[in-house]
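S.K.: Got a file for you: my_file01.txt, compact mmCIF, C-alpha atoms.
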# COMPACT_ATOMS: atom_id res chain seq x y z
CA MET A 6 -1.78 -37.27 -79.34
CA GLN A 7 -2.41 -40.97 -78.75
CA ASN A 8 -0.83 -43.19 -76.13
CA GLN A 9 2.70 -44.22 -77.14
CA LYS A 10 3.38 -47.14 -74.80
CA HIS A 11 4.06 -49.40 -77.81
CA LEU A 12 7.30 -47.46 -78.36
CA PHE A 13 8.55 -48.42 -74.89
CA ASP A 14 9.13 -51.79 -73.24
CA LEU A 15 7.68 -51.24 -69.78
CA PRO A 16 6.27 -54.31 -67.98
CA GLY A 17 2.53 -54.53 -68.44
CA ASP A 18 1.74 -55.12 -64.76
CA ILE A 19 3.23 -51.90 -63.34
CA HIS A 20 1.97 -48.33 -63.15
CA TYR A 21 5.02 -46.21 -63.87
CA LEU A 22 4.28 -42.59 -62.94
CA ASN A 23 7.86 -41.69 -62.11
CA GLY A 24 9.39 -40.00 -65.15
CA ALA A 25 10.72 -37.28 -62.85
CA TYR A 26 12.92 -39.94 -61.25
CA MET A 27 14.11 -41.57 -64.46
CA SER A 28 12.62 -42.20 -67.88
CA PRO A 29 12.29 -45.68 -69.33
CA ASN A 30 14.14 -46.27 -72.57
CA LEU A 31 12.34 -45.99 -75.84
CA LYS A 32 12.85 -49.19 -77.80
CA ALA A 33 14.69 -47.16 -80.43
CA VAL A 34 16.97 -45.64 -77.78
CA GLU A 35 17.80 -49.07 -76.38
CA LYS A 36 18.61 -50.33 -79.87
CA ALA A 37 20.86 -47.34 -80.55
CA GLY A 38 22.75 -47.96 -77.32
CA ILE A 39 23.30 -51.67 -78.06
CA GLU A 40 24.54 -50.85 -81.55
CA GLY A 41 26.86 -48.25 -80.03
CA VAL A 42 28.35 -50.82 -77.67
CA LYS A 43 28.96 -53.21 -80.56
CA ARG A 44 30.80 -50.59 -82.63
CA LYS A 45 33.88 -50.71 -80.43
CA THR A 46 34.11 -54.48 -80.89
CA ASN A 47 35.59 -53.59 -84.27
CA PRO A 48 37.29 -50.19 -83.79
CA THR A 49 37.90 -49.86 -87.54
CA SER A 50 34.23 -48.92 -87.84
CA ILE A 51 34.90 -45.70 -85.91
CA LYS A 52 36.27 -43.01 -88.20
CA GLU A 53 37.88 -39.69 -87.32
CA GLU A 54 34.74 -37.79 -88.31
CA ASP A 55 32.76 -39.89 -85.83
CA PHE A 56 34.45 -37.99 -83.00
CA PHE A 57 32.64 -34.80 -84.10
CA ASP A 58 29.78 -35.28 -86.58
CA PRO A 59 27.36 -37.19 -84.30
CA ALA A 60 27.80 -34.57 -81.58
CA GLU A 61 26.95 -31.82 -84.07
CA GLU A 62 23.79 -33.70 -85.04
CA VAL A 63 22.74 -33.96 -81.40
CA LYS A 64 23.46 -30.27 -80.80
CA SER A 65 21.35 -29.34 -83.81
CA LEU A 66 18.41 -31.43 -82.58
CA PHE A 67 18.59 -29.98 -79.07
CA GLY A 68 18.86 -26.49 -80.56
CA LYS A 69 15.56 -27.07 -82.39
CA LEU A 70 13.96 -28.13 -79.13
CA ILE A 71 14.92 -24.96 -77.22
CA ASN A 72 15.24 -22.46 -80.11
CA ALA A 73 19.01 -22.03 -80.02
CA PRO A 74 21.82 -22.28 -82.61
CA ALA A 75 23.78 -25.54 -82.56
CA LYS A 76 27.09 -23.72 -82.02
CA GLN A 77 25.87 -22.57 -78.59
CA ILE A 78 25.00 -26.13 -77.48
CA THR A 79 27.40 -28.41 -75.61
CA ILE A 80 27.55 -32.02 -74.46
CA ILE A 81 27.89 -32.32 -70.68
CA PRO A 82 28.10 -35.32 -68.30
CA SER A 83 25.67 -33.88 -65.74
CA ALA A 84 23.63 -30.82 -64.88
CA SER A 85 26.07 -29.93 -62.08
CA TYR A 86 28.95 -29.87 -64.59
CA GLY A 87 27.00 -27.58 -66.88
CA LEU A 88 26.03 -25.31 -64.00
CA MET A 89 29.61 -24.93 -62.83
CA ASN A 90 30.77 -24.06 -66.34
CA ALA A 91 28.20 -21.27 -66.37
CA VAL A 92 28.46 -19.93 -62.82
CA ARG A 93 32.24 -19.70 -62.79
CA ASN A 94 32.00 -17.30 -65.76
CA VAL A 95 29.49 -14.90 -64.23
CA PRO A 96 31.08 -11.48 -63.57
CA ILE A 97 30.39 -10.10 -60.11
CA LYS A 98 31.20 -6.81 -58.42
CA LYS A 99 31.80 -6.15 -54.74
CA GLY A 100 28.51 -5.86 -52.91
CA GLN A 101 26.50 -7.85 -55.43
CA HIS A 102 24.49 -10.94 -54.49
CA ALA A 103 23.03 -14.11 -56.06
CA ILE A 104 19.46 -15.42 -56.00
CA THR A 105 17.91 -18.87 -55.95
CA VAL A 106 14.64 -20.33 -54.64
CA LYS A 107 13.86 -22.27 -51.49
CA GLU A 108 14.24 -26.05 -51.68
CA GLU A 109 16.01 -25.82 -55.01
CA PHE A 110 17.65 -28.99 -56.28
CA PRO A 111 20.91 -29.58 -54.33
CA SER A 112 23.29 -29.31 -57.30
CA ASP A 113 21.91 -25.89 -58.18
CA HIS A 114 22.01 -24.61 -54.62
CA LEU A 115 25.46 -25.99 -53.83
CA THR A 116 27.00 -24.65 -57.04
CA LEU A 117 25.64 -21.18 -56.36
CA ARG A 118 26.70 -21.33 -52.72
CA LYS A 119 30.28 -22.04 -53.78
CA PHE A 120 30.15 -19.08 -56.18
CA CYS A 121 28.98 -16.81 -53.36
CA THR A 122 31.61 -18.10 -50.94
CA GLU A 123 34.42 -17.54 -53.44
CA ASN A 124 33.20 -14.03 -54.23
CA ASP A 125 32.21 -13.00 -50.68
CA ALA A 126 28.65 -12.46 -51.90
CA ASP A 127 25.28 -12.97 -50.23
CA LEU A 128 23.11 -15.87 -51.36
CA ARG A 129 19.48 -14.82 -51.20
CA VAL A 130 16.95 -17.65 -51.13
CA ILE A 131 13.43 -16.64 -52.14
CA SER A 132 10.76 -18.54 -50.21
CA PRO A 133 7.29 -19.29 -51.53
CA PRO A 134 4.16 -17.92 -49.89
CA GLU A 135 2.47 -20.15 -47.30
CA PHE A 136 -0.83 -20.40 -49.20
CA ILE A 137 -1.43 -22.93 -51.99
CA SER A 138 -3.92 -21.33 -54.41
CA GLY A 139 -2.06 -18.62 -56.33
CA ARG A 140 1.24 -19.81 -54.89
CA THR A 141 3.16 -20.04 -58.17
CA GLN A 142 2.31 -16.57 -59.44
CA ALA A 143 3.00 -14.99 -56.07
CA TRP A 144 6.34 -16.81 -55.83
CA THR A 145 7.35 -15.62 -59.29
CA GLU A 146 6.47 -12.05 -58.31
CA LYS A 147 8.66 -12.34 -55.21
CA ILE A 148 11.55 -13.55 -57.36
CA VAL A 149 11.10 -10.75 -59.92
CA ASN A 150 10.84 -8.09 -57.22
CA SER A 151 14.01 -9.38 -55.56
CA ILE A 152 16.12 -8.90 -58.69
CA ASN A 153 17.88 -5.55 -59.05
CA GLU A 154 21.11 -4.03 -60.38
CA ASP A 155 23.01 -5.60 -57.49
CA THR A 156 21.90 -9.12 -58.48
CA ALA A 157 24.79 -10.77 -60.29
CA VAL A 158 23.03 -14.01 -61.14
CA VAL A 159 19.79 -15.94 -60.71
CA VAL A 160 20.06 -19.75 -60.69
CA MET A 161 16.86 -21.79 -60.58
CA SER A 162 15.00 -24.69 -62.12
CA SER A 163 12.48 -24.08 -64.90
CA ILE A 164 9.78 -25.74 -62.77
CA HIS A 165 10.05 -26.61 -59.11
CA TRP A 166 11.47 -30.11 -59.07
CA MET A 167 9.35 -31.22 -56.08
CA GLU A 168 6.04 -29.53 -56.81
CA GLY A 169 5.95 -29.00 -60.57
CA LEU A 170 5.12 -25.31 -60.21
CA LYS A 171 5.72 -23.45 -63.48
CA PHE A 172 7.70 -20.32 -62.78
CA ASP A 173 7.09 -17.43 -65.19
CA LEU A 174 10.50 -17.68 -66.87
CA GLU A 175 9.63 -14.93 -69.35
CA ALA A 176 8.96 -12.40 -66.57
CA ILE A 177 12.09 -13.44 -64.66
CA GLY A 178 14.19 -13.31 -67.83
CA GLU A 179 12.89 -9.84 -68.68
CA LYS A 180 13.84 -8.53 -65.24
CA CYS A 181 17.27 -10.16 -65.43
CA SER A 182 17.87 -8.59 -68.83
CA ALA A 183 16.81 -5.16 -67.54
CA THR A 184 19.18 -5.35 -64.56
CA ASN A 185 22.11 -6.95 -66.42
CA THR A 186 21.70 -10.08 -64.29
CA TYR A 187 22.78 -13.46 -65.61
CA PHE A 188 19.85 -15.91 -65.80
CA ILE A 189 20.89 -19.56 -65.45
CA VAL A 190 18.21 -22.25 -65.62
CA ASP A 191 18.25 -25.95 -64.78
CA GLY A 192 15.82 -27.48 -67.26
CA THR A 193 16.32 -31.10 -66.20
CA GLN A 194 12.75 -31.54 -64.96
CA SER A 195 10.99 -29.91 -67.90
CA VAL A 196 12.94 -29.78 -71.16
CA GLY A 197 11.64 -32.52 -73.42
CA ALA A 198 8.15 -32.52 -71.91
CA LEU A 199 7.35 -28.81 -71.65
CA PRO A 200 8.00 -26.12 -74.29
CA ILE A 201 10.91 -23.79 -73.56
CA ASP A 202 12.45 -21.02 -75.65
CA VAL A 203 15.80 -19.63 -74.49
CA LYS A 204 15.47 -16.56 -76.71
CA LYS A 205 11.94 -15.68 -75.64
CA PHE A 206 12.79 -16.21 -71.97
CA LYS A 207 16.16 -14.45 -72.26
CA ILE A 208 17.96 -17.38 -70.65
CA ASP A 209 21.75 -17.00 -70.58
CA ALA A 210 22.52 -20.64 -69.79
CA LEU A 211 20.29 -23.71 -69.74
CA VAL A 212 21.53 -27.08 -68.46
CA CYS A 213 19.73 -30.42 -68.71
CA ALA A 214 20.53 -33.92 -67.57
CA ALA A 215 19.31 -36.30 -70.28
CA TYR A 216 18.01 -39.27 -68.31
CA LYS A 217 14.64 -37.79 -67.34
CA TRP A 218 12.45 -35.90 -69.82
CA LEU A 219 14.97 -36.01 -72.66
CA LEU A 220 14.55 -39.82 -72.53
CA GLY A 221 18.30 -40.30 -72.84
CA PRO A 222 21.00 -42.23 -70.95
CA TYR A 223 22.37 -41.49 -67.51
CA SER A 224 25.65 -39.51 -67.16
CA THR A 225 24.88 -37.50 -70.28
CA GLY A 226 23.33 -34.08 -70.71
CA LEU A 227 23.05 -31.01 -72.89
CA ALA A 228 23.57 -27.34 -72.21
CA PHE A 229 23.01 -24.01 -73.92
CA TYR A 230 25.36 -21.06 -73.31
CA SER A 231 24.53 -17.70 -74.86
CA ASP A 232 27.20 -15.64 -76.58
CA LYS A 233 27.83 -13.93 -73.22
CA PHE A 234 29.94 -16.98 -72.43
CA ASP A 235 31.84 -17.17 -75.73
CA GLU A 236 35.11 -15.92 -74.22
CA GLY A 237 34.75 -17.63 -70.85
CA GLU A 238 36.94 -20.08 -68.96
CA PRO A 239 35.90 -23.75 -69.32
CA ILE A 240 36.34 -26.45 -66.70
CA GLU A 241 38.43 -28.58 -69.05
CA TYR A 242 41.16 -27.92 -71.61
CA SER A 243 40.37 -30.65 -74.10
CA TRP A 244 42.01 -30.89 -77.52
CA MET A 245 38.59 -31.61 -78.99
CA THR A 246 37.22 -28.15 -78.21
CA ARG A 247 39.89 -26.29 -80.20
CA LYS A 248 39.35 -24.67 -83.56
CA ASP A 249 41.42 -27.30 -85.41
CA GLY A 250 40.58 -30.17 -83.08
CA HIS A 251 38.93 -32.14 -85.87
CA ASP A 252 42.20 -32.16 -87.83
CA PHE A 253 44.16 -35.04 -86.29
CA SER A 254 47.31 -34.06 -88.19
CA LYS A 255 47.54 -30.82 -86.16
CA LEU A 256 47.10 -32.24 -82.67
CA THR A 257 50.71 -31.74 -81.59
CA SER A 258 50.69 -28.14 -82.74
CA TYR A 259 48.64 -27.61 -79.56
CA PRO A 260 46.22 -24.99 -80.87
CA GLU A 261 45.22 -22.43 -78.26
CA LYS A 262 42.14 -20.99 -79.93
CA PHE A 263 38.81 -22.57 -79.10
CA ALA A 264 36.21 -23.33 -81.75
CA GLU A 265 33.41 -20.79 -82.10
CA GLY A 266 30.43 -20.41 -79.82
CA ALA A 267 30.17 -22.58 -76.73
CA MET A 268 32.44 -25.38 -78.01
CA ARG A 269 34.90 -24.79 -75.15
CA TYR A 270 32.34 -25.96 -72.59
CA ASN A 271 31.98 -29.50 -73.95
CA VAL A 272 33.07 -32.28 -71.63
CA GLY A 273 36.20 -34.16 -72.66
CA GLU A 274 35.48 -37.23 -74.81
CA PHE A 275 32.09 -35.76 -75.69
CA SER A 276 31.88 -38.04 -78.74
CA ASN A 277 30.47 -40.88 -76.64
CA PHE A 278 29.84 -43.65 -79.17
CA ILE A 279 27.17 -45.25 -76.97
CA ALA A 280 25.39 -42.31 -75.36
CA LEU A 281 25.20 -39.94 -78.33
CA PRO A 282 23.28 -42.31 -80.63
CA MET A 283 20.87 -42.92 -77.75
CA ILE A 284 20.16 -39.27 -77.07
CA LYS A 285 19.97 -38.54 -80.79
CA SER A 286 17.25 -41.16 -81.16
CA ALA A 287 15.40 -39.77 -78.14
CA LEU A 288 15.54 -36.17 -79.39
CA GLU A 289 14.30 -37.19 -82.83
CA GLN A 290 11.27 -38.84 -81.26
CA ILE A 291 10.54 -35.91 -78.94
CA LEU A 292 10.64 -33.51 -81.89
CA ILE A 293 8.23 -35.75 -83.82
CA TRP A 294 5.81 -35.78 -80.89
CA GLY A 295 6.21 -32.11 -79.97
CA THR A 296 6.49 -30.95 -76.37
CA GLU A 297 3.12 -29.17 -76.50
CA ASN A 298 1.46 -32.44 -77.48
CA ILE A 299 3.22 -34.26 -74.64
CA GLN A 300 2.05 -31.63 -72.19
CA ASN A 301 -1.52 -31.71 -73.51
CA TYR A 302 -1.65 -35.51 -73.31
CA CYS A 303 -0.48 -35.47 -69.70
CA PHE A 304 -2.95 -32.69 -68.85
CA GLU A 305 -5.87 -34.75 -70.16
CA LEU A 306 -4.54 -37.85 -68.40
CA MET A 307 -4.43 -36.01 -65.06
CA LYS A 308 -8.03 -34.73 -65.24
CA PRO A 309 -9.38 -37.43 -62.87
CA PHE A 310 -6.63 -36.58 -60.39
CA ARG A 311 -7.48 -32.88 -60.40
CA SER A 312 -11.18 -33.72 -60.05
CA TYR A 313 -10.36 -35.96 -57.12
CA LEU A 314 -8.57 -33.11 -55.34
CA GLU A 315 -11.58 -30.86 -55.85
CA THR A 316 -13.96 -33.53 -54.56
CA LYS A 317 -11.82 -34.02 -51.47
CA ARG A 318 -11.49 -30.24 -51.10
CA ILE A 319 -7.72 -30.49 -51.16
CA GLU A 320 -6.33 -27.07 -51.98
CA LYS A 321 -4.26 -26.80 -55.15
CA ASP A 322 -2.85 -24.08 -57.35
CA ASP A 323 -4.50 -23.08 -60.62
CA ASP A 324 -4.18 -25.88 -63.15
CA HIS A 325 -2.31 -23.79 -65.72
CA MET A 326 0.34 -22.89 -63.13
CA VAL A 327 1.37 -26.52 -62.51
CA SER A 328 3.10 -28.69 -65.10
CA ALA A 329 1.06 -31.63 -66.35
CA HIS A 330 4.03 -34.01 -66.48
CA LEU A 331 5.16 -33.39 -62.89
CA TYR A 332 2.53 -32.76 -60.24
CA GLY A 333 3.44 -32.43 -56.58
CA LEU A 334 0.60 -33.35 -54.23
CA PHE A 335 0.94 -31.86 -50.74
CA LEU A 336 0.06 -34.51 -48.16
CA PRO A 337 -2.32 -33.40 -45.40
CA ASP A 338 -0.97 -33.86 -41.87
CA LYS A 339 -3.44 -36.68 -41.22
CA VAL A 340 -1.88 -38.84 -43.97
CA ASN A 341 0.83 -41.27 -42.88
CA SER A 342 3.27 -40.99 -45.77
CA THR A 343 5.06 -44.25 -44.90
CA LEU A 344 1.85 -46.28 -45.03
CA LEU A 345 0.78 -44.52 -48.21
CA LEU A 346 4.05 -45.29 -49.98
CA ASP A 347 3.89 -48.91 -48.84
CA ASP A 348 0.40 -49.16 -50.32
CA PHE A 349 1.61 -47.72 -53.62
CA LYS A 350 4.45 -50.22 -53.69
CA ALA A 351 2.14 -53.15 -52.93
CA ASN A 352 0.00 -52.16 -55.90
CA LYS A 353 2.99 -51.76 -58.23
CA ILE A 354 2.51 -48.01 -58.51
CA HIS A 355 5.83 -46.26 -59.00
CA LEU A 356 6.11 -42.58 -58.07
CA SER A 357 8.29 -40.42 -55.82
CA ALA A 358 8.02 -38.81 -52.40
CA ARG A 359 9.88 -35.53 -52.01
CA GLY A 360 9.47 -33.73 -48.69
CA ARG A 361 5.74 -33.67 -47.86
CA SER A 362 4.83 -34.04 -51.52
CA ILE A 363 3.93 -37.06 -53.58
CA ARG A 364 5.35 -36.47 -57.05
CA ILE A 365 3.20 -37.91 -59.83
CA SER A 366 5.00 -37.66 -63.18
CA PRO A 367 3.31 -39.29 -66.20
CA HIS A 368 4.31 -39.44 -69.86
CA LEU A 369 2.97 -40.75 -73.15
CA TYR A 370 3.45 -44.36 -72.01
CA ASN A 371 0.76 -43.95 -69.33
CA HIS A 372 -2.91 -44.90 -69.65
CA SER A 373 -5.93 -43.76 -67.64
CA LYS A 374 -5.76 -47.07 -65.74
CA ASP A 375 -2.53 -45.85 -64.13
CA LEU A 376 -4.38 -42.88 -62.67
CA VAL A 377 -7.34 -45.03 -61.60
CA ALA A 378 -5.03 -47.35 -59.65
CA THR A 379 -3.30 -44.36 -58.03
CA LEU A 380 -6.57 -42.73 -56.99
CA GLU A 381 -7.81 -46.00 -55.46
CA VAL A 382 -4.77 -46.05 -53.19
CA LEU A 383 -5.05 -42.36 -52.32
CA ASP A 384 -8.68 -42.79 -51.39
CA ARG A 385 -7.76 -45.31 -48.71
CA HIS A 386 -5.51 -42.77 -46.97
CA PHE A 387 -7.19 -39.38 -47.47
Can the structure in the file be given as structure tokens, please?

M.R.:
Amino acid sequence: MQNQKHLFDLPGDIHYLNGAYMSPNLKAVEKAGIEGVKRKTNPTSIKEEDFFDPAEEVKSLFGKLINAPAKQITIIPSASYGLMNAVRNVPIKKGQHAITVKEEFPSDHLTLRKFCTENDADLRVISPPEFISGRTQAWTEKIVNSINEDTAVVVMSSIHWMEGLKFDLEAIGEKCSATNTYFIVDGTQSVGALPIDVKKFKIDALVCAAYKWLLGPYSTGLAFYSDKFDEGEPIEYSWMTRKDGHDFSKLTSYPEKFAEGAMRYNVGEFSNFIALPMIKSALEQILIWGTENIQNYCFELMKPFRSYLETKRIEKDDDHMVSAHLYGLFLPDKVNSTLLLDDFKANKIHLSARGRSIRISPHLYNHSKDLVATLEVLDRHF
């Protein structure tokens, strides 16, 4: 995989290592959005089939990315919306509990906390071990060992959104399947840059905001719901999600039956004439690149960074246990994070601080010079 910066329009004088915050637009995605805006200038260009066909194309593309049938894919406005659609349809018995991980993204934690409050259930938060080397594997083992027949649901991100640690989703999914526990995953910080297979990992629901690694627009996302959810209760009661919703002549017959699969979980007005062409263009490009190639490119790009940590004797987890596109660097106590971030800003290096971690998140638009500039700043503070 070669550098792909020519497909983006990032300013040449900045070092953008902040894909975990928000992706830049591909040129093709920007073009698709502008053309989408112009379509409504002449509404006669928008046909009845345009309310449904583009969405089906997007669902099919996303299905290819995660190994799922298009009929189980939905268009959502946010990860929190997709999570609530899933969690509110998880069956729970008296005495059962729910599991998440420590310092999970707020939307995930808050959604699960509401579920537990409404069902008078315990929310068990699994903390990581204190050590760094071997941390990811040990944390996964704690999660797996915490799941039993009294666990109604596990809700967690595919990688830790602050540290980039790659949880063993296959092992967690296997344990959930064995205990009849629902496994709900927030893939916002990995899907599009890291391979994921909902069948292999036995994921029951996967939700993704599109504006990060899916390279799509804000306020748009995609979700997968397994057939466990096919008879569930959606958040909305849109006419568009019904079996005959595409037939405009039948709208006032008020059909009760939903279309097959996960169609009921689509957000109302899912046929966004601006956003859908943008995310379609982004998904097409990601599938051309391949998520393994994206991950490999980022891994090679980050080699100097990992070498720097070893030279400085800064403890880190095994390389294969941390995602290459999102790497959380723990700051030693001696480092003044405010001064460090000011130095990054002065040198036009864009990345994120989350807790005591500096989050470095590259993509195919990054060159080695971006890492060189970052290491020069780090070296002044470590």

S.K.: One decimal, Å: what's the distance from atom CA of A:Ser28 over to atom CA of A:Gly221, could you say?

M.R.: 7.8 Å

S.K.: If I take atom CA of A:Asp55 and atom CA of A:Lys285, how far is one from the other in Å, to one decimal?

M.R.: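 Distance between the two atoms: 13.8 Å.
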
S.K.: Can you list, as number ranges by chain, every protein, DNA or RNA residue that comes within 10 Å of stretch 323-340 of chain A when you count all atoms listed in the file, leaving out same-chain residues fewer than 3 positions away?

M.R.: A: 22-25, 137-142, 164-173, 194-195, 198-199, 218, 299-308, 310-311, 314, 319-320, 343-345, 357-369, 383, 385-387

S.K.: Please produce a file of the residues just selected, as an mmCIF file, in the coordinates of the input, where the atoms kept are C-alpha atoms.

M.R.:
data_model
loop_
_atom_site.group_PDB
_atom_site.id
_atom_site.type_symbol
_atom_site.label_atom_id
_atom_site.label_comp_id
_atom_site.auth_asym_id
_atom_site.auth_seq_id
_atom_site.Cartn_x
_atom_site.Cartn_y
_atom_site.Cartn_z
ATOM 1 C CA LEU A 22 4.280 -42.590 -62.940
ATOM 2 C CA ASN A 23 7.860 -41.690 -62.110
ATOM 3 C CA GLY A 24 9.390 -40.000 -65.150
ATOM 4 C CA ALA A 25 10.720 -37.280 -62.850
ATOM 5 C CA ILE A 137 -1.430 -22.930 -51.990
ATOM 6 C CA SER A 138 -3.920 -21.330 -54.410
ATOM 7 C CA GLY A 139 -2.060 -18.620 -56.330
ATOM 8 C CA ARG A 140 1.240 -19.810 -54.890
ATOM 9 C CA THR A 141 3.160 -20.040 -58.170
ATOM 10 C CA GLN A 142 2.310 -16.570 -59.440
ATOM 11 C CA ILE A 164 9.780 -25.740 -62.770
ATOM 12 C CA HIS A 165 10.050 -26.610 -59.110
ATOM 13 C CA TRP A 166 11.470 -30.110 -59.070
ATOM 14 C CA MET A 167 9.350 -31.220 -56.080
ATOM 15 C CA GLU A 168 6.040 -29.530 -56.810
ATOM 16 C CA GLY A 169 5.950 -29.000 -60.570
ATOM 17 C CA LEU A 170 5.120 -25.310 -60.210
ATOM 18 C CA LYS A 171 5.720 -23.450 -63.480
ATOM 19 C CA PHE A 172 7.700 -20.320 -62.780
ATOM 20 C CA ASP A 173 7.090 -17.430 -65.190
ATOM 21 C CA GLN A 194 12.750 -31.540 -64.960
ATOM 22 C CA SER A 195 10.990 -29.910 -67.900
ATOM 23 C CA ALA A 198 8.150 -32.520 -71.910
ATOM 24 C CA LEU A 199 7.350 -28.810 -71.650
ATOM 25 C CA TRP A 218 12.450 -35.900 -69.820
ATOM 26 C CA ILE A 299 3.220 -34.260 -74.640
ATOM 27 C CA GLN A 300 2.050 -31.630 -72.190
ATOM 28 C CA ASN A 301 -1.520 -31.710 -73.510
ATOM 29 C CA TYR A 302 -1.650 -35.510 -73.310
ATOM 30 C CA CYS A 303 -0.480 -35.470 -69.700
ATOM 31 C CA PHE A 304 -2.950 -32.690 -68.850
ATOM 32 C CA GLU A 305 -5.870 -34.750 -70.160
ATOM 33 C CA LEU A 306 -4.540 -37.850 -68.400
ATOM 34 C CA MET A 307 -4.430 -36.010 -65.060
ATOM 35 C CA LYS A 308 -8.030 -34.730 -65.240
ATOM 36 C CA PHE A 310 -6.630 -36.580 -60.390
ATOM 37 C CA ARG A 311 -7.480 -32.880 -60.400
ATOM 38 C CA LEU A 314 -8.570 -33.110 -55.340
ATOM 39 C CA ILE A 319 -7.720 -30.490 -51.160
ATOM 40 C CA GLU A 320 -6.330 -27.070 -51.980
ATOM 41 C CA THR A 343 5.060 -44.250 -44.900
ATOM 42 C CA LEU A 344 1.850 -46.280 -45.030
ATOM 43 C CA LEU A 345 0.780 -44.520 -48.210
ATOM 44 C CA SER A 357 8.290 -40.420 -55.820
ATOM 45 C CA ALA A 358 8.020 -38.810 -52.400
ATOM 46 C CA ARG A 359 9.880 -35.530 -52.010
ATOM 47 C CA GLY A 360 9.470 -33.730 -48.690
ATOM 48 C CA ARG A 361 5.740 -33.670 -47.860
ATOM 49 C CA SER A 362 4.830 -34.040 -51.520
ATOM 50 C CA ILE A 363 3.930 -37.060 -53.580
ATOM 51 C CA ARG A 364 5.350 -36.470 -57.050
ATOM 52 C CA ILE A 365 3.200 -37.910 -59.830
ATOM 53 C CA SER A 366 5.000 -37.660 -63.180
ATOM 54 C CA PRO A 367 3.310 -39.290 -66.200
ATOM 55 C CA HIS A 368 4.310 -39.440 -69.860
ATOM 56 C CA LEU A 369 2.970 -40.750 -73.150
ATOM 57 C CA LEU A 383 -5.050 -42.360 -52.320
ATOM 58 C CA ARG A 385 -7.760 -45.310 -48.710
ATOM 59 C CA HIS A 386 -5.510 -42.770 -46.970
ATOM 60 C CA PHE A 387 -7.190 -39.380 -47.470
#

S.K.: What's the 10 Å shell around A:Glu238, counting only C-alpha atoms, without same-chain residues fewer than 5 positions away, as a VMD selection string?

M.R.: chain A and resid 90 to 91 93 to 94 269 to 270

S.K.: Which residues, written as a list in words, have at least one atom at most 9 Å from A:Lys147, with all atoms listed in the file counted and residues fewer than 4 positions away on the same chain left out?

M.R.: Ile131, Ser132, Pro133, Pro134, Gln142, Ala143, Ser151 and Ile152 of chain A

S.K.: With all atoms listed in the file as the counted atoms, please give the residues lying no more than 12 Å from stretch 154-157 of chain A, apart from itself and same-chain residues fewer than 6 positions off, as a VMD selection string.

M.R.: chain A and resid 92 to 105 117 120 to 121 124 126 to 129 148 180 to 189

S.K.: With only C-alpha atoms counted, which protein, DNA or RNA residues have an atom no more than 10 Å from (21.3, -43.5, -81.9) in the file frame? Please answer as a PyMOL selection string.

M.R.: chain A and resi 33-41+59+63+278-289

S.K.: Nearest to A:Glu241: which of A:Trp294, A:Phe349, A:Tyr86, A:Trp144 is it, counting all atoms listed in the file?

M.R.: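 Going through A:Trp294, A:Phe349, A:Tyr86, A:Trp144 one by one, the smallest distance to A:Glu241 is for A:Tyr86.
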
S.K.: Between atom CA of A:Thr296 and atom CA of A:Glu61, measure the distance and give it in Å to one decimal.

M.R.: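 These two atoms are separated by 21.9 Å.
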
S.K.: Pick the closest to A:Ile293 from A:Ile71, A:Leu66, A:Ile208, A:Ile81: which is it, counting all atoms listed in the file?

M.R.: A:Leu66

S.K.: Considering all atoms listed in the file, can you say which of A:Ile51, A:Ile177, A:Val382, A:Leu256 comes closest to A:Asn153?

M.R.: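 Residue with the minimum atom-to-atom distance to A:Asn153: A:Ile177.
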